[in-house]
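First comes the structure, then the notes that go with it.
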Amino acid sequence: IMEHKPTINFGAGPAKLPQSASVDPRRFACVTNIPDNYKVMFLQGGGSGQFSAVPLNLIGLKEDRCADYLVTGTWSAKAAKEAEKYGNVNIVHPKLDSYTKIPDPSSWTLNPSASYVYYCCNETVHGVEYNITPETNGVVLVSDMSSNFLSRPVDVSKFGLIFAGAQKNVGCAGVTVVIVREDLLGHALQECPIVLDYTVQADMNSLYNTPPCFSIYIMGLVLEWIKNNGGSAAMETLNKRKSALIYDIINASNGFYVCPVDEACQSRMNVPFRVGKKEGDDDLEKKFLDGASKLGMISLKGHRSVGGIRASLYNAVTLEDTEALAAYMRQFQKEHQ
Ligand code: PMP
């Protein structure tokens, strides 16, 4: 997957790390299929850097500088706000009161003159995941896949651009994968900072500035692990089983556990739920978290903006880990309902 030959490194930085951030899309093919007319880049700045880079690079694709956004959670809302700095943003559906569903595509008003349509494939904070690929009638489709990248197969050919911060499923923070169709390069706005300019970075194999080589190295190991474990299709099978274990308990709990998200778009990566009653019982949720922590299960607290509990079941969380959480949830309900 990555060039990794032992070398004597006369440059700065730790020895024996890959010297190039360049990746041939065909090498990525062992984990996900990427057609030859796409560039894969390894950049810095995280998911947030990339949702800024998207309008800077793509909103100028058409003269009108319009972009369509689906706003179904915190991350797409932040992305839309960022894009407003550079052009006209059209939120394609009626504003949502809460981020617990994906508005039916029949209610979307897409602008045929938009430069691109943007959505966040998995809203990490709210646990809302798209199980459909939005139909855009030929308009370039852009997706933030930061929190479900390589958790399931993706037909890259349907997208103009996909980006994903590594820190959920493919490594550690520091590197962000950007997969862009070649014909979309060359349209960056003049004010686009050069490190965010896809054309520059693609031309220089992601080496315009110093790459986060340790994060890239770790990602190489994780990609190898995914490949050796059956690729993204096998990850999907496992992730379906893991998330079903938790959703089944929630659904069978007679309202002791409540997931606020519409069944059709419940995320396989992030399962948010309340304990005790619909809007959550603070004391019981604290007990739940304390008890989990005593059993070595940590980071279950929901995002501070929504509260409650959130079980994140990224690729690195095993079926056994998930079974341990499921057993704890059953036991906790028995003791506290
Ligand atoms: N998009 C999504 C879907 C995310 O989950 C996150 C971070 N959790 C971001 C964007 C922002 O990523 P970063 O913190 O790397 O900027």
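A note on labels: chains of the structure tokens are A, B, ... as shown, every chain counts residues from 1, and ligands are counted from 1 in their shown order.
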
Please report as a tab-separated table every residue of chain A lying within 7 Å of ligand 1, along with the nearest atom pair and their distance in Å (one decimal), using only C-alpha atoms and all ligand atoms.
residue	atom	partner	partner_atom_place_in_ligand_line	distance
A:Gly45	CA	ligand 1	16 (O)	6.4
A:Gly46	CA	ligand 1	15 (O)	3.4
A:Gly47	CA	ligand 1	12 (O)	3.6
A:Ser48	CA	ligand 1	16 (O)	3.6
A:Gly49	CA	ligand 1	16 (O)	6.0
A:Trp75	CA	ligand 1	1 (N)	5.1
A:Cys120	CA	ligand 1	3 (C)	6.1
A:Asn122	CA	ligand 1	3 (C)	5.8
A:Glu123	CA	ligand 1	3 (C)	5.3
A:Thr124	CA	ligand 1	5 (O)	4.7
A:Asp144	CA	ligand 1	3 (C)	6.0
A:Met145	CA	ligand 1	3 (C)	6.1
A:Ser146	CA	ligand 1	3 (C)	4.6
A:Ser147	CA	ligand 1	5 (O)	5.1
A:Gly165	CA	ligand 1	15 (O)	5.4
A:Ala173	CA	ligand 1	15 (O)	6.7

For the residues in the current selection, export C-alpha atoms as an mmCIF file, in the first residue's frame.
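Writing the result to result-v9.cif gives the following:
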data_model
loop_
_atom_site.group_PDB
_atom_site.id
_atom_site.type_symbol
_atom_site.label_atom_id
_atom_site.label_comp_id
_atom_site.auth_asym_id
_atom_site.auth_seq_id
_atom_site.Cartn_x
_atom_site.Cartn_y
_atom_site.Cartn_z
ATOM 1 C CA GLY A 45 -5.950 20.584 8.487
ATOM 2 C CA GLY A 46 -8.409 17.818 9.364
ATOM 3 C CA GLY A 47 -12.050 17.593 8.346
ATOM 4 C CA SER A 48 -12.504 21.268 9.214
ATOM 5 C CA GLY A 49 -9.647 22.264 6.938
ATOM 6 C CA TRP A 75 -20.628 18.987 10.659
ATOM 7 C CA CYS A 120 -21.875 14.767 5.425
ATOM 8 C CA ASN A 122 -22.135 10.329 8.744
ATOM 9 C CA GLU A 123 -22.971 13.032 11.251
ATOM 10 C CA THR A 124 -20.688 11.996 14.093
ATOM 11 C CA ASP A 144 -17.478 14.481 4.119
ATOM 12 C CA MET A 145 -16.842 10.848 5.054
ATOM 13 C CA SER A 146 -14.626 11.634 8.035
ATOM 14 C CA SER A 147 -16.437 9.330 10.412
ATOM 15 C CA GLY A 165 -9.976 12.877 8.443
ATOM 16 C CA ALA A 173 -5.222 12.752 13.634
#

- request: Using DSSP on the backbone, list every residue of segment 77-265 of chain A that comes out as strand (DSSP E), and give them as a count of residues only.
  value: 30

Who sits within 6 Å of segment 232-238 of chain A, only C-alpha atoms, same chain under 2 positions skipped, as a PyMOL selection string: chain A and resi 31+150-153+230+240-241

- request: For segment 312-322 of chain A, list every protein, DNA or RNA residue within 10 Å, evaluated using only C-alpha atoms, and leave out those in the same chain fewer than 3 positions away; present the list as a PyMOL selection string.
  value: chain A and resi 124-125+127+147-152+167-171+222+226+232+235-236+238-239+241-246+267-272+297+299-302+309+325-328

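Checking A:Arg181, A:Arg330, A:His187, A:Lys227 one by one against Ser157 of chain A, counting only C-alpha atoms, you find the shortest gap at A:Arg181.
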
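Here atom CA of Val71 of chain A stands at a distance of 15.2 Å from atom CA of Ile132 of chain A.
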
query: Near Ser113 of chain A, counting only C-alpha atoms, which residues have an atom at most 8 Å away, once you skip same-chain residues fewer than 5 positions from it, shown as a PyMOL selection string?
result: chain A and resi 62+64+66+139

Would you write out those residues with N, CA and C atoms, as a short mmCIF file (atom, residue, chain, number, x, y, z; two decimals), in the first residue's frame?
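This went into selection_21.cif:
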data_model
loop_
_atom_site.label_atom_id
_atom_site.label_comp_id
_atom_site.auth_asym_id
_atom_site.auth_seq_id
_atom_site.Cartn_x
_atom_site.Cartn_y
_atom_site.Cartn_z
N LYS A 62 -18.70 26.96 -11.45
CA LYS A 62 -19.64 27.67 -12.33
C LYS A 62 -19.65 29.15 -11.93
N ASP A 64 -21.86 31.33 -11.34
CA ASP A 64 -22.77 31.82 -10.30
C ASP A 64 -22.25 31.69 -8.87
N CYS A 66 -22.64 29.19 -6.73
CA CYS A 66 -23.69 28.66 -5.84
C CYS A 66 -23.33 27.23 -5.45
N VAL A 139 -25.01 17.15 -11.15
CA VAL A 139 -24.21 18.15 -10.44
C VAL A 139 -23.15 17.40 -9.58
#

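Picture a line from atom CA of Val177 of chain A to atom CA of Asn137 of chain A; it runs 25.9 Å.
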
Residue set, segment 167-240 of chain A restricted to helix (DSSP H, G or I), as a ChimeraX atom specification: /A:182-184,194-196,198-203,213-228,231-240

task: Could you give me, as a VMD selection string, the residues within 7 Å of Tyr69 of chain A, counting only C-alpha atoms and dropping anything in the same chain fewer than 4 positions from it?
output: chain A and resid 80 89 to 92 117 to 119

Output for the residues just chosen: N, CA and C atoms as a compact mmCIF listing (two decimals), in the first residue's frame:
# COMPACT_ATOMS: atom_id res chain seq x y z
N ALA A 80 -21.53 24.36 5.75
CA ALA A 80 -22.36 25.31 4.99
C ALA A 80 -22.01 26.74 5.39
N VAL A 89 -25.03 29.92 -0.70
CA VAL A 89 -25.31 28.56 -0.24
C VAL A 89 -26.82 28.36 -0.18
N ASN A 90 -27.26 27.29 -0.81
CA ASN A 90 -28.67 26.94 -0.80
C ASN A 90 -28.84 25.68 0.06
N ILE A 91 -29.57 25.81 1.17
CA ILE A 91 -29.87 24.61 1.96
C ILE A 91 -31.07 23.97 1.25
N VAL A 92 -30.91 22.76 0.78
CA VAL A 92 -31.85 22.23 -0.21
C VAL A 92 -33.18 21.72 0.39
N VAL A 117 -23.06 19.71 -4.92
CA VAL A 117 -23.98 19.37 -3.82
C VAL A 117 -23.13 18.74 -2.72
N TYR A 118 -23.30 19.22 -1.49
CA TYR A 118 -22.45 18.78 -0.38
C TYR A 118 -23.28 18.09 0.69
N TYR A 119 -22.78 16.99 1.20
CA TYR A 119 -23.43 16.39 2.37
C TYR A 119 -22.39 15.70 3.25

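Interatomic distance, atom CA of Asn131 of chain A against atom CA of Lys101 of chain A: 11.8 Å.
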
field: Exercise: Lys158 of chain A partners within 9 Å, only C-alpha atoms, chain neighbours under 6 positions left out, as a PyMOL selection string
entry: chain A and resi 133+140-141

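The residue that comes closest to Gly174 of chain A, out of A:Ser98, A:Ala264, A:Leu207, A:Leu43 and on the basis of only C-alpha atoms, is A:Leu43.
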